[in-house]
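**Student:** Input: one structure, supplied below.
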Amino acid sequence: MTRLPDLPRTRLAVLSAVIIASLSAAALGVHAGLSRRAPPPPPSPSEPAQATPPAPAPDLAPAIEPAAEKARARSLLGDYCDAVEPKHRRDTVAALIDVRDRELAQCALARLDDEPDDEVRALIAELIGRLGDSDGGAWLGEHYRSAAPPVRVAYDEALCRLDDTRACRRLGESAHDRDLTVAFLAAQRVAAMSAPGDRRVLRWLRGLLLREHELPPLAGLDLLGHLSSLGDRAARERLRALLTNAAPGVALGAAETLAGIGDDAGREILIDTFNDGRADARERVRAVVALVALGDYAGRQYLEDTLTGADDPALRRHSLRGLGEIGAWDSLRAILARYRDDDHRVRIAAAAAVLLVLGLDPQVLAQESVDWLRTMMASARWQDRRDAGLALAALAPAAAVPLLAQGLADPEPAVRRAFANSAATLTSPDAAPVIIAALAVETDPTVREHEVVALARIANPAAKEVLEAVAERRDRPGVLALGALLAIGEGGALARLSELYRGVKAALRVAVMEAAMLARDVAVLDLLRQGLSDRAAAVRAKAAEGLVQYGHDRERAAEVLQRAAATPALAASALPALLALGVTPPAQVAPATLLSDPAPERRRVAVRAAAELPWPRARGLLQRALHDRAAEVRRDAVGVAGGFIPGHGRAVEPLLKQVVRDSDGATRAMAKARLARLLPPPPGPNRDQLGAGEANADDAAAAALAAMESAAEQAEQAHARFAESTQAVASLAAEVSERAARRARSERDVSAVVALGQRLGEAQAAALAAYGHVVEADSRLLAAARALPPDAPTSTDALADADRRARAARSSLAEARRQAQEGNDAVTTYVARETAHCDIYVAGAETAVQAGRLGAARKDLQRAADACGRGPRRPPQLDFVWGLYYDERAQDTANARPRRRHLERALRHYQRFLDAGKGYRVERARERIAAITDELAAGTGE
């Protein structure tokens, strides 16, 4: 939601009002803190504000250097971190929260021990949570008890974002605190982090709404906004009803709140307020900034004019905030002029706006997205690597293909699935060799399926051999491979596909229809028409989708899709096809209805369906989806919005800008990558003046040759490092196989083999990373070789050599993966085999005890102890049998002292068994513990 530097002073505690950082502009009552003196309004536009951003303005003068201005803004904010006035420090930390510059934020984090102001500490806590700073989180935990209750709420929110479950629990408890201020603050923070449909949070918010009259002015609007975001349809309708409320400020406040959650129902109110030249300047600025949140930049000039025409510093600060969100390069001059403002808080706002604008440099955005993916792919957590795969499709092919190679070779199947799914949407010809190599050795069916789909869409004939191999199997990937073969021109696959349709179950008949869609060949129309009459609804629905794709039998397809869209299991794919036909779906599955559903999967269906709508209708849905609480919904929205870039790039731009600072890393990286290809480069100095003229042809050829030689050297080094990494995998795999072939003599042997398996996994990960560098280096080499003049003697040789080495590297990677997989299988089999002896020995020992053969029982128990080891692999029943053994020994011993020693040992083992034991033995162990305890207490044997 929109953060404003000015906050109201109400009858609630001043501290409590200040740390209500998540209130919307209306709920904060912006007008309460503004001067009564309004600036002379600029001339009102003669036409209403439009959703389409203004045309690009002329380049800035060369005097503005982006790098220098970025350093200047960072320096200014760094200085204000230590300002004397608490309000200046508050504004600075609020700016740091918006900018999310981890390095710059250190100036605020360094003040934790010395900061005397509670409001500033609360904001620093929010900064810690937003940045995921674990060191700052530790400080918050240590100083939690000494903080005031409202500040504790901010601490708990930050700690909860850092996965502190106790803090999350405390935050929930504070949401129904007796102190209304604490309850209100906590409920807001809990709501901001909760999933739609959370009944507990909805109940808290509704309870607070009943006490609206005790809260700050218009705070009820904020509560309604949270309720709407959590899927409360009644709250959303109530907000929309308030758009017609005649009470001062209510309609505008409702429109602002709706805009803050991506709902444009109040757009007309905002436009009318902006266009009303007689309206108060404070309301016009609020309307313009709310329109910015909806992607409407038509009021940008008005905000720039307000910077010079408004006497009230709060208006200038709020205008700077809006200009920062717009991110227009040609607003920089107006923003930079505010560095000389009389009001220090305006200067802080200007520095923050400069950083927000400069952060939209396409080159910076592209590098940040790639850096994030590389960081995630180097993570030990497979979930991080999976998220990198989900974001891969948004990258430019040159950056995506090397990372794709690394991702498709990841040891975790879930990671490979994510990268393969992105490969299916990447459709870059350069990706084909990578996907072909990966598919040749892939074992996971879902990954194989996505890789086949990717090859079908790329349609590279070189994939024929691997696709033929996949098509030999009668499973989903095999069926889809037939469609991919048709896509690359292998017409003979159609007969095989038709024959397969007649002899398989419904699940594979659905795959046959999907394969027909992949084929992109009208020869499959008869097959699709057969599917339209299939007895299985899923097959009929998929056949109808295929006919819609080919533009045939539209009426029959529409009938089938209407029924399928009303079926939850089929709606995900049927709804987009129905919308592509221009047919209105049933009301219960209309995208706008689904977008309010508590289930994220249903909302994702709505977002994906938006791809088939005309842009004016899709825009509102995507706007709402980009404000969804579920990260997967926002990711889908970024992906669908990217599909509209070719025809509506300028209108898509504002939507993507809204999520470049999203809390979810994958959403953030996807938006940055797409914006990097959409935004124009920043204006710079006139490069014609930097040199006397173009270099002559000889100089250009020499430079190209030098670049090629440098790229060749780097490629050679990358291949050498990759060879070393694959050799390490081969050596470790051989050692694992040798050790796993022996029988374990003790737990130490088992532990050694397990450790070898872990080293093998690490070596495989290193080989994958090295292969990614190989692909990247080879790509640079190929680009450099192609840049050589046609008559350069080394051009053809370089291309041939690069191709030969690339093939060898792919073969080496496949072999390394095979060796690593065999090694991992050997470790798994070894541990299972040696651990299985543990269970056998325990069972044998129990039988021997019951038969009275205590000597044999002891030998089996000692073997079991060696095989089972200690820790989690030690089964509880081993202790139970040891207890039986010593119990029997005690019964056979007449001497008092040895008998007591045996009973004490039996007691210890029985008690240890009860810690994790299950089944019928538990009752027996309890009985013996009670009997032995009584016997020992009575002094038996003494």
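Naming works like this for the structure tokens: A, B, ... for the chains as they're shown, residue 1 at the start of each chain, ligands 1 onward in shown order.
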Neighbours of region 108-125 of chain A within 9 Å (only C-alpha atoms; same-chain residues fewer than 4 positions away dropped), as a tab-separated table (two decimals) with N, CA, C and O atoms, in the first residue's frame?

**Tutor:**
chain	number	residue	atom	x	y	z
A	15	LEU	N	2.60	7.46	19.07
A	15	LEU	CA	3.44	6.37	18.61
A	15	LEU	C	2.63	5.37	17.81
A	15	LEU	O	3.04	4.92	16.74
A	16	SER	N	1.49	5.01	18.32
A	16	SER	CA	0.66	4.03	17.64
A	16	SER	C	0.25	4.51	16.27
A	16	SER	O	0.21	3.74	15.31
A	18	VAL	N	1.91	6.56	14.34
A	18	VAL	CA	3.04	6.63	13.42
A	18	VAL	C	3.39	5.26	12.85
A	18	VAL	O	3.70	5.12	11.67
A	19	ILE	N	3.30	4.21	13.68
A	19	ILE	CA	3.75	2.91	13.17
A	19	ILE	C	2.65	2.15	12.47
A	19	ILE	O	2.80	0.99	12.15
A	21	ALA	N	2.08	1.64	9.57
A	21	ALA	CA	2.77	1.90	8.30
A	21	ALA	C	2.05	1.34	7.10
A	21	ALA	O	2.34	1.72	5.98
A	78	GLY	N	22.14	8.55	3.21
A	78	GLY	CA	23.07	8.10	4.24
A	78	GLY	C	23.31	9.16	5.29
A	78	GLY	O	23.38	8.87	6.49
A	81	CYS	N	20.38	9.46	7.73
A	81	CYS	CA	20.24	8.37	8.70
A	81	CYS	C	20.60	8.83	10.11
A	81	CYS	O	20.07	8.31	11.09
A	82	ASP	N	21.53	9.77	10.19
A	82	ASP	CA	22.00	10.26	11.49
A	82	ASP	C	21.49	11.66	11.80
A	82	ASP	O	22.09	12.39	12.59
A	86	PRO	N	14.09	13.39	14.81
A	86	PRO	CA	13.53	12.04	14.62
A	86	PRO	C	12.67	11.91	13.36
A	86	PRO	O	12.69	10.87	12.70
A	87	LYS	N	11.94	12.97	13.00
A	87	LYS	CA	11.07	12.88	11.83
A	87	LYS	C	11.88	12.70	10.55
A	87	LYS	O	11.44	12.06	9.60
A	89	ARG	N	14.80	11.07	10.45
A	89	ARG	CA	15.25	9.68	10.46
A	89	ARG	C	14.09	8.75	10.11
A	89	ARG	O	14.28	7.74	9.41
A	90	ARG	N	12.87	9.09	10.56
A	90	ARG	CA	11.71	8.28	10.21
A	90	ARG	C	11.51	8.26	8.70
A	90	ARG	O	11.30	7.21	8.09
A	91	ASP	N	11.55	9.44	8.11
A	91	ASP	CA	11.35	9.52	6.66
A	91	ASP	C	12.45	8.76	5.91
A	91	ASP	O	12.20	8.13	4.88
A	92	THR	N	13.67	8.84	6.43
A	92	THR	CA	14.79	8.16	5.77
A	92	THR	C	14.62	6.66	5.79
A	92	THR	O	14.80	5.98	4.77
A	93	VAL	N	14.26	6.11	6.95
A	93	VAL	CA	14.07	4.67	7.04
A	93	VAL	C	12.89	4.24	6.17
A	93	VAL	O	12.94	3.20	5.49
A	94	ALA	N	11.82	5.04	6.15
A	94	ALA	CA	10.68	4.72	5.28
A	94	ALA	C	11.13	4.69	3.81
A	94	ALA	O	10.68	3.84	3.03
A	96	LEU	N	14.16	3.97	2.77
A	96	LEU	CA	14.98	2.77	2.60
A	96	LEU	C	14.12	1.52	2.43
A	96	LEU	O	14.48	0.60	1.70
A	97	ILE	N	12.97	1.50	3.11
A	97	ILE	CA	12.05	0.37	2.95
A	97	ILE	C	11.55	0.32	1.51
A	97	ILE	O	11.42	-0.75	0.91
A	104	LEU	N	22.79	0.32	1.26
A	104	LEU	CA	22.43	1.62	1.80
A	104	LEU	C	21.71	1.48	3.14
A	104	LEU	O	21.84	2.33	4.02
A	129	GLY	N	12.78	-6.88	8.44
A	129	GLY	CA	11.92	-7.94	7.93
A	129	GLY	C	11.85	-7.95	6.42
A	129	GLY	O	11.88	-9.02	5.79
A	130	ARG	N	11.76	-6.77	5.82
A	130	ARG	CA	11.65	-6.70	4.36
A	130	ARG	C	12.93	-7.16	3.67
A	130	ARG	O	12.90	-7.75	2.60
A	136	GLY	N	19.96	-8.53	12.03
A	136	GLY	CA	19.05	-7.57	12.65
A	136	GLY	C	17.94	-8.27	13.41
A	136	GLY	O	17.49	-7.81	14.47
A	137	GLY	N	17.48	-9.41	12.89
A	137	GLY	CA	16.45	-10.17	13.58
A	137	GLY	C	16.92	-10.65	14.93
A	137	GLY	O	16.15	-10.66	15.90
A	139	TRP	N	19.02	-9.13	16.85
A	139	TRP	CA	18.97	-7.95	17.75
A	139	TRP	C	17.55	-7.71	18.23
A	139	TRP	O	17.32	-7.43	19.42
A	140	LEU	N	16.58	-7.82	17.34
A	140	LEU	CA	15.19	-7.61	17.74
A	140	LEU	C	14.77	-8.62	18.80
A	140	LEU	O	14.06	-8.27	19.75
A	147	ALA	N	10.91	-3.33	24.61
A	147	ALA	CA	10.19	-2.44	23.70
A	147	ALA	C	8.77	-2.19	24.20
A	147	ALA	O	8.17	-3.02	24.89
A	148	ALA	N	8.21	-1.04	23.82
A	148	ALA	CA	6.82	-0.72	24.14
A	148	ALA	C	5.90	-1.65	23.35
A	148	ALA	O	6.26	-2.11	22.27
A	150	PRO	N	3.30	-1.36	21.26
A	150	PRO	CA	3.12	-1.16	19.82
A	150	PRO	C	4.38	-1.45	19.01
A	150	PRO	O	4.31	-1.92	17.88
A	151	VAL	N	5.55	-1.16	19.62
A	151	VAL	CA	6.81	-1.44	18.91
A	151	VAL	C	7.06	-2.94	18.85
A	151	VAL	O	7.60	-3.46	17.88
A	152	ARG	N	6.63	-3.65	19.87
A	152	ARG	CA	6.76	-5.10	19.85
A	152	ARG	C	6.01	-5.70	18.66
A	152	ARG	O	6.43	-6.70	18.09
A	153	VAL	N	4.89	-5.08	18.32
A	153	VAL	CA	4.14	-5.56	17.16
A	153	VAL	C	5.01	-5.48	15.91
A	153	VAL	O	5.05	-6.42	15.11
A	154	ALA	N	5.73	-4.36	15.75
A	154	ALA	CA	6.62	-4.22	14.59
A	154	ALA	C	7.75	-5.23	14.65
A	154	ALA	O	8.15	-5.80	13.63
A	155	TYR	N	8.30	-5.46	15.85
A	155	TYR	CA	9.36	-6.46	16.01
A	155	TYR	C	8.84	-7.85	15.62
A	155	TYR	O	9.52	-8.60	14.92
A	156	ASP	N	7.64	-8.18	16.12
A	156	ASP	CA	7.08	-9.49	15.82
A	156	ASP	C	6.84	-9.68	14.32
A	156	ASP	O	7.05	-10.77	13.79
A	157	GLU	N	6.39	-8.62	13.66
A	157	GLU	CA	6.17	-8.74	12.21
A	157	GLU	C	7.49	-9.05	11.50
A	157	GLU	O	7.56	-9.93	10.64
A	158	ALA	N	8.55	-8.31	11.88
A	158	ALA	CA	9.85	-8.53	11.24
A	158	ALA	C	10.36	-9.94	11.52
A	158	ALA	O	10.83	-10.64	10.62
A	159	LEU	N	10.26	-10.38	12.77
A	159	LEU	CA	10.73	-11.71	13.13
A	159	LEU	C	9.90	-12.80	12.45
A	159	LEU	O	10.42	-13.84	12.06

**Student:** Please report, as a ChimeraX atom specification, each residue of region 119-180 of chain A to which DSSP assigns helix (DSSP H, G or I) when run on this structure's backbone.

**Tutor:** /A:119-131,134-142,149-161,165-174,180

**Student:** To one decimal place in Å, what is the distance between CA of Gln727 (chain A) and CA of Ser812 (chain A)?

**Tutor:**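 So the two atoms, CA of Gln727 (chain A) and CA of Ser812 (chain A), lie 9.5 Å apart.
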
**Student:** Just how far from CA of Ala610 (chain A) is CA of Glu237 (chain A), in Å to one decimal?

**Tutor:**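 Straight-line distance from CA of Glu237 (chain A) to CA of Ala610 (chain A) works out to 22.2 Å.
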
**Student:** Do you know which residues are at most 10 Å from region 541-547 of chain A counting only C-alpha atoms, after dropping those on the same chain fewer than 6 positions away, and could you put them as a PyMOL selection string?

**Tutor:** chain A and resi 509-518+520+522+524-534+553-565+570-571+573-578+580-581

**Student:** Can you spit out the residues from that selection as a compact mmCIF listing (two decimals), in the first residue's frame, using N, CA and C atoms?

**Tutor:**
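Okay, part_10.txt is ready:
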# COMPACT_ATOMS: atom_id res chain seq x y z
N ARG A 509 -5.38 -41.06 -23.86
CA ARG A 509 -6.12 -40.46 -24.98
C ARG A 509 -6.12 -38.93 -24.85
N VAL A 510 -6.14 -38.43 -23.61
CA VAL A 510 -5.98 -36.98 -23.40
C VAL A 510 -4.62 -36.54 -23.93
N ALA A 511 -3.58 -37.33 -23.63
CA ALA A 511 -2.23 -37.01 -24.13
C ALA A 511 -2.19 -37.03 -25.65
N VAL A 512 -2.95 -37.92 -26.28
CA VAL A 512 -3.01 -37.94 -27.75
C VAL A 512 -3.56 -36.63 -28.28
N MET A 513 -4.60 -36.10 -27.64
CA MET A 513 -5.16 -34.82 -28.06
C MET A 513 -4.13 -33.69 -27.87
N GLU A 514 -3.40 -33.74 -26.77
CA GLU A 514 -2.37 -32.73 -26.53
C GLU A 514 -1.27 -32.83 -27.58
N ALA A 515 -0.92 -34.06 -27.94
CA ALA A 515 0.10 -34.25 -28.98
C ALA A 515 -0.37 -33.68 -30.31
N ALA A 516 -1.66 -33.84 -30.61
CA ALA A 516 -2.21 -33.26 -31.84
C ALA A 516 -2.11 -31.74 -31.82
N MET A 517 -2.27 -31.14 -30.63
CA MET A 517 -2.15 -29.69 -30.53
C MET A 517 -0.70 -29.25 -30.72
N LEU A 518 0.25 -30.07 -30.22
CA LEU A 518 1.67 -29.74 -30.38
C LEU A 518 2.10 -29.81 -31.84
N ARG A 520 0.88 -28.79 -34.63
CA ARG A 520 0.70 -27.60 -35.49
C ARG A 520 0.59 -28.00 -36.97
N VAL A 522 -2.53 -29.36 -39.73
CA VAL A 522 -3.96 -29.58 -39.90
C VAL A 522 -4.28 -31.04 -40.22
N VAL A 524 -3.99 -33.34 -38.33
CA VAL A 524 -4.49 -33.97 -37.10
C VAL A 524 -5.95 -33.64 -36.85
N LEU A 525 -6.61 -32.87 -37.71
CA LEU A 525 -7.98 -32.45 -37.45
C LEU A 525 -8.94 -33.63 -37.31
N ASP A 526 -8.80 -34.64 -38.15
CA ASP A 526 -9.69 -35.80 -38.04
C ASP A 526 -9.53 -36.50 -36.69
N LEU A 527 -8.30 -36.56 -36.22
CA LEU A 527 -8.05 -37.17 -34.91
C LEU A 527 -8.72 -36.37 -33.80
N LEU A 528 -8.63 -35.05 -33.89
CA LEU A 528 -9.28 -34.19 -32.89
C LEU A 528 -10.80 -34.33 -32.95
N ARG A 529 -11.34 -34.47 -34.14
CA ARG A 529 -12.80 -34.65 -34.26
C ARG A 529 -13.25 -35.98 -33.65
N GLN A 530 -12.40 -37.00 -33.77
CA GLN A 530 -12.71 -38.26 -33.09
C GLN A 530 -12.75 -38.04 -31.58
N GLY A 531 -11.79 -37.28 -31.11
CA GLY A 531 -11.74 -37.01 -29.67
C GLY A 531 -12.95 -36.26 -29.17
N LEU A 532 -13.54 -35.46 -30.04
CA LEU A 532 -14.71 -34.67 -29.65
C LEU A 532 -15.91 -35.56 -29.33
N SER A 533 -15.89 -36.78 -29.80
CA SER A 533 -16.98 -37.73 -29.53
C SER A 533 -16.56 -38.81 -28.54
N ASP A 534 -15.43 -38.65 -27.91
CA ASP A 534 -14.93 -39.65 -26.97
C ASP A 534 -15.88 -39.79 -25.77
N ASP A 553 -14.46 -26.29 -36.44
CA ASP A 553 -15.57 -26.87 -35.66
C ASP A 553 -15.84 -26.05 -34.39
N ARG A 554 -15.92 -24.76 -34.56
CA ARG A 554 -16.01 -23.87 -33.41
C ARG A 554 -17.30 -24.08 -32.61
N GLU A 555 -18.40 -24.29 -33.31
CA GLU A 555 -19.68 -24.42 -32.58
C GLU A 555 -19.70 -25.68 -31.73
N ARG A 556 -19.28 -26.82 -32.33
CA ARG A 556 -19.25 -28.06 -31.55
C ARG A 556 -18.27 -27.95 -30.39
N ALA A 557 -17.13 -27.32 -30.65
CA ALA A 557 -16.13 -27.16 -29.59
C ALA A 557 -16.68 -26.29 -28.46
N ALA A 558 -17.41 -25.24 -28.80
CA ALA A 558 -17.96 -24.35 -27.78
C ALA A 558 -18.93 -25.09 -26.86
N GLU A 559 -19.75 -25.98 -27.43
CA GLU A 559 -20.69 -26.74 -26.60
C GLU A 559 -19.94 -27.60 -25.59
N VAL A 560 -18.91 -28.28 -26.05
CA VAL A 560 -18.13 -29.14 -25.15
C VAL A 560 -17.42 -28.31 -24.09
N LEU A 561 -16.85 -27.20 -24.50
CA LEU A 561 -16.10 -26.37 -23.56
C LEU A 561 -17.00 -25.72 -22.52
N GLN A 562 -18.23 -25.37 -22.89
CA GLN A 562 -19.17 -24.80 -21.92
C GLN A 562 -19.38 -25.78 -20.77
N ARG A 563 -19.58 -27.03 -21.12
CA ARG A 563 -19.79 -28.03 -20.07
C ARG A 563 -18.51 -28.27 -19.29
N ALA A 564 -17.39 -28.32 -19.97
CA ALA A 564 -16.11 -28.58 -19.30
C ALA A 564 -15.73 -27.45 -18.35
N ALA A 565 -16.03 -26.20 -18.75
CA ALA A 565 -15.66 -25.06 -17.91
C ALA A 565 -16.40 -25.08 -16.58
N LEU A 570 -11.77 -29.66 -15.02
CA LEU A 570 -11.47 -29.35 -16.43
C LEU A 570 -11.40 -27.85 -16.71
N ALA A 571 -11.83 -27.04 -15.73
CA ALA A 571 -11.96 -25.61 -15.99
C ALA A 571 -10.63 -24.95 -16.32
N SER A 573 -8.13 -25.65 -18.18
CA SER A 573 -7.76 -25.58 -19.59
C SER A 573 -8.94 -25.23 -20.48
N ALA A 574 -10.16 -25.56 -20.04
CA ALA A 574 -11.33 -25.29 -20.88
C ALA A 574 -11.67 -23.81 -20.92
N LEU A 575 -11.49 -23.12 -19.78
CA LEU A 575 -11.88 -21.70 -19.71
C LEU A 575 -11.10 -20.83 -20.69
N PRO A 576 -9.76 -20.93 -20.77
CA PRO A 576 -9.05 -20.12 -21.77
C PRO A 576 -9.50 -20.38 -23.19
N ALA A 577 -9.76 -21.65 -23.51
CA ALA A 577 -10.21 -21.98 -24.88
C ALA A 577 -11.57 -21.38 -25.16
N LEU A 578 -12.44 -21.39 -24.16
CA LEU A 578 -13.78 -20.83 -24.33
C LEU A 578 -13.69 -19.32 -24.56
N ALA A 580 -11.13 -17.77 -25.80
CA ALA A 580 -10.51 -17.56 -27.11
C ALA A 580 -11.57 -17.59 -28.22
N LEU A 581 -12.66 -18.33 -27.98
CA LEU A 581 -13.76 -18.35 -28.94
C LEU A 581 -14.64 -17.11 -28.85

**Student:** List the spatial neighbours of Glu601 (chain A) as a VMD selection string - criterion: any atom at most 10 Å away, only C-alpha atoms, same-chain residues fewer than 5 positions off excluded.

**Tutor:** chain A and resid 572 594 to 595 606 to 607 630 632 to 633

**Student:** Write the residues of the preceding selection, restricted to all heavy atoms, as a compact mmCIF listing (two decimals), in the first residue's frame.

**Tutor:**
# COMPACT_ATOMS: atom_id res chain seq x y z
N ALA A 572 -9.53 -25.42 -15.74
CA ALA A 572 -8.24 -24.75 -15.92
C ALA A 572 -7.85 -24.62 -17.38
O ALA A 572 -7.29 -23.60 -17.80
CB ALA A 572 -7.15 -25.50 -15.16
N LEU A 594 -13.63 -16.06 -10.36
CA LEU A 594 -12.57 -16.95 -9.89
C LEU A 594 -11.47 -16.19 -9.17
O LEU A 594 -10.82 -16.73 -8.26
CB LEU A 594 -11.98 -17.73 -11.06
CG LEU A 594 -12.88 -18.76 -11.74
CD1 LEU A 594 -12.16 -19.40 -12.91
CD2 LEU A 594 -13.32 -19.82 -10.74
N LEU A 595 -11.24 -14.94 -9.57
CA LEU A 595 -10.17 -14.16 -8.96
C LEU A 595 -10.47 -13.82 -7.51
O LEU A 595 -9.57 -13.40 -6.77
CB LEU A 595 -9.93 -12.88 -9.77
CG LEU A 595 -8.53 -12.27 -9.71
CD1 LEU A 595 -7.46 -13.29 -10.04
CD2 LEU A 595 -8.44 -11.08 -10.65
N ALA A 606 -8.02 -18.13 -13.31
CA ALA A 606 -8.52 -16.85 -13.82
C ALA A 606 -7.41 -16.06 -14.50
O ALA A 606 -7.61 -15.45 -15.56
CB ALA A 606 -9.11 -16.04 -12.66
N VAL A 607 -6.22 -16.05 -13.89
CA VAL A 607 -5.10 -15.30 -14.47
C VAL A 607 -4.69 -15.87 -15.81
O VAL A 607 -4.48 -15.14 -16.79
CB VAL A 607 -3.91 -15.29 -13.49
CG1 VAL A 607 -2.69 -14.63 -14.14
CG2 VAL A 607 -4.27 -14.54 -12.21
N ALA A 630 -1.00 -14.46 -2.84
CA ALA A 630 -0.25 -15.67 -3.17
C ALA A 630 0.80 -15.37 -4.23
O ALA A 630 0.49 -14.85 -5.30
CB ALA A 630 -1.20 -16.77 -3.66
N GLU A 632 2.42 -17.34 -6.18
CA GLU A 632 2.26 -18.05 -7.45
C GLU A 632 1.25 -17.36 -8.37
O GLU A 632 1.38 -17.42 -9.59
CB GLU A 632 1.85 -19.50 -7.21
CG GLU A 632 0.58 -19.70 -6.41
CD GLU A 632 0.82 -19.84 -4.92
OE1 GLU A 632 1.79 -19.25 -4.41
OE2 GLU A 632 0.04 -20.56 -4.26
N VAL A 633 0.26 -16.68 -7.77
CA VAL A 633 -0.71 -15.94 -8.59
C VAL A 633 -0.03 -14.72 -9.22
O VAL A 633 -0.23 -14.43 -10.40
CB VAL A 633 -1.92 -15.51 -7.73
CG1 VAL A 633 -2.90 -14.67 -8.57
CG2 VAL A 633 -2.64 -16.74 -7.18

**Student:** Which residues of region 304-386 of chain A come within 12 Å of region 396-420 of chain A, and what is each one's closest atom pair and distance in Å (one decimal), counting only C-alpha atoms, sorted by chain and residue number, as a Markdown table?

**Tutor:**
| residue | atom | partner | partner_atom | distance |
| --- | --- | --- | --- | --- |
| A:Gln363 | CA | A:Ala396 | CA | 11.9 |
| A:Leu365 | CA | A:Ala396 | CA | 11.9 |
| A:Ala366 | CA | A:Ala396 | CA | 8.5 |
| A:Gln367 | CA | A:Ala399 | CA | 9.6 |
| A:Glu368 | CA | A:Ala399 | CA | 11.9 |
| A:Ser369 | CA | A:Ala399 | CA | 9.9 |
| A:Val370 | CA | A:Ala399 | CA | 7.2 |
| A:Asp371 | CA | A:Ala399 | CA | 10.4 |
| A:Trp372 | CA | A:Leu403 | CA | 11.7 |
| A:Leu373 | CA | A:Leu403 | CA | 8.2 |
| A:Arg374 | CA | A:Leu403 | CA | 7.8 |
| A:Thr375 | CA | A:Leu403 | CA | 11.3 |
| A:Met376 | CA | A:Gly407 | CA | 10.8 |
| A:Met377 | CA | A:Gly407 | CA | 7.7 |
| A:Ala378 | CA | A:Gln406 | CA | 10.3 |
| A:Ser379 | CA | A:Asp410 | CA | 11.7 |
| A:Ala380 | CA | A:Glu412 | CA | 10.9 |
| A:Arg381 | CA | A:Glu412 | CA | 10.0 |
| A:Trp382 | CA | A:Val415 | CA | 6.6 |
| A:Gln383 | CA | A:Val415 | CA | 7.5 |
| A:Asp384 | CA | A:Val415 | CA | 8.8 |
| A:Arg385 | CA | A:Val415 | CA | 6.1 |
| A:Arg386 | CA | A:Val415 | CA | 4.3 |

**Student:** By how many Å are CA of Ala625 (chain A) and CA of Arg604 (chain A) apart?

**Tutor:**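 CA of Ala625 (chain A) sits 8.7 Å away from CA of Arg604 (chain A).
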
**Student:** Find the residue from A:Ser737, A:Thr244, A:Gln862, A:Gln188 that sits nearest to Asp222 (chain A); use only C-alpha atoms when measuring.

**Tutor:**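 Comparing A:Ser737, A:Thr244, A:Gln862, A:Gln188 against Asp222 (chain A), the winner is A:Gln188.
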
**Student:** Counting only C-alpha atoms, what is within 10 Å of Leu332 (chain A), bar same-chain residues fewer than 3 positions away, as a list in words?

**Tutor:** Leu60, Ile64, Pro66, Glu69, Glu304, Leu323, Gly324, Gly327, Ala328, Trp329, Ile335, Leu336, Ala337, Ala350, Ala353, Val354, Val357 and Leu358 of chain A

**Student:** Counting only C-alpha atoms, figure out which residue out of A:Leu294, A:Ala730, A:Ala851, A:Val288 gets nearest to Asp272 (chain A).

**Tutor:**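 Closest to Asp272 (chain A), using only C-alpha atoms: A:Val288.
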
**Student:** Which one is closest to Gly649 (chain A): A:Arg338, A:Arg677, A:Arg661, A:Arg317? Count only C-alpha atoms.

**Tutor:**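 That would be A:Arg677, the residue with the smallest distance to Gly649 (chain A).
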
**Student:** Between A:Ala481, A:Leu360, A:Ala440, A:Ser751, which has the minimum distance to Val466 (chain A) (counting only C-alpha atoms)?

**Tutor:** A:Ala440

**Student:** Excluding Arg900 (chain A) and any residue of its chain fewer than 3 positions from it, enumerate the residues within 10 Å of it, using only C-alpha atoms, and give them as a tab-separated table (two decimals) with C-alpha atoms, in the first residue's frame.

**Tutor:**
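out.tsv written:
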chain	number	residue	atom	x	y	z
A	890	ALA	CA	18.03	-61.39	36.06
A	893	THR	CA	20.64	-65.13	38.38
A	895	ASN	CA	23.16	-63.79	43.28
A	896	ALA	CA	21.57	-60.55	44.57
A	897	ARG	CA	24.05	-58.00	43.22
A	903	LEU	CA	17.31	-55.46	36.40
A	904	GLU	CA	18.68	-51.90	36.33
A	905	ARG	CA	19.94	-52.44	32.76
A	906	ALA	CA	16.62	-53.91	31.71
A	932	ILE	CA	11.10	-53.87	38.10
A	935	GLU	CA	11.29	-54.87	42.94
A	936	LEU	CA	14.25	-52.50	43.05
A	939	GLY	CA	15.56	-53.91	47.79
A	940	THR	CA	15.26	-57.32	46.19
A	941	GLY	CA	18.38	-59.35	46.42
A	942	GLU	CA	20.06	-57.21	49.06

**Student:** Would you mind telling me which residue in A:Leu813, A:Val881, A:Leu679, A:Glu834 lies nearest to Val754 (chain A) when using only C-alpha atoms?

**Tutor:**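 Answer, going by the shortest atom-to-atom distance: A:Glu834.
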
**Student:** Compare A:Leu210, A:Ala287, A:Ala437, A:Met708 by their minimum atom-to-atom distance to Ala809 (chain A), counting only C-alpha atoms, and give me the closest one.

**Tutor:**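 Result for the nearest residue to Ala809 (chain A): A:Ala437.
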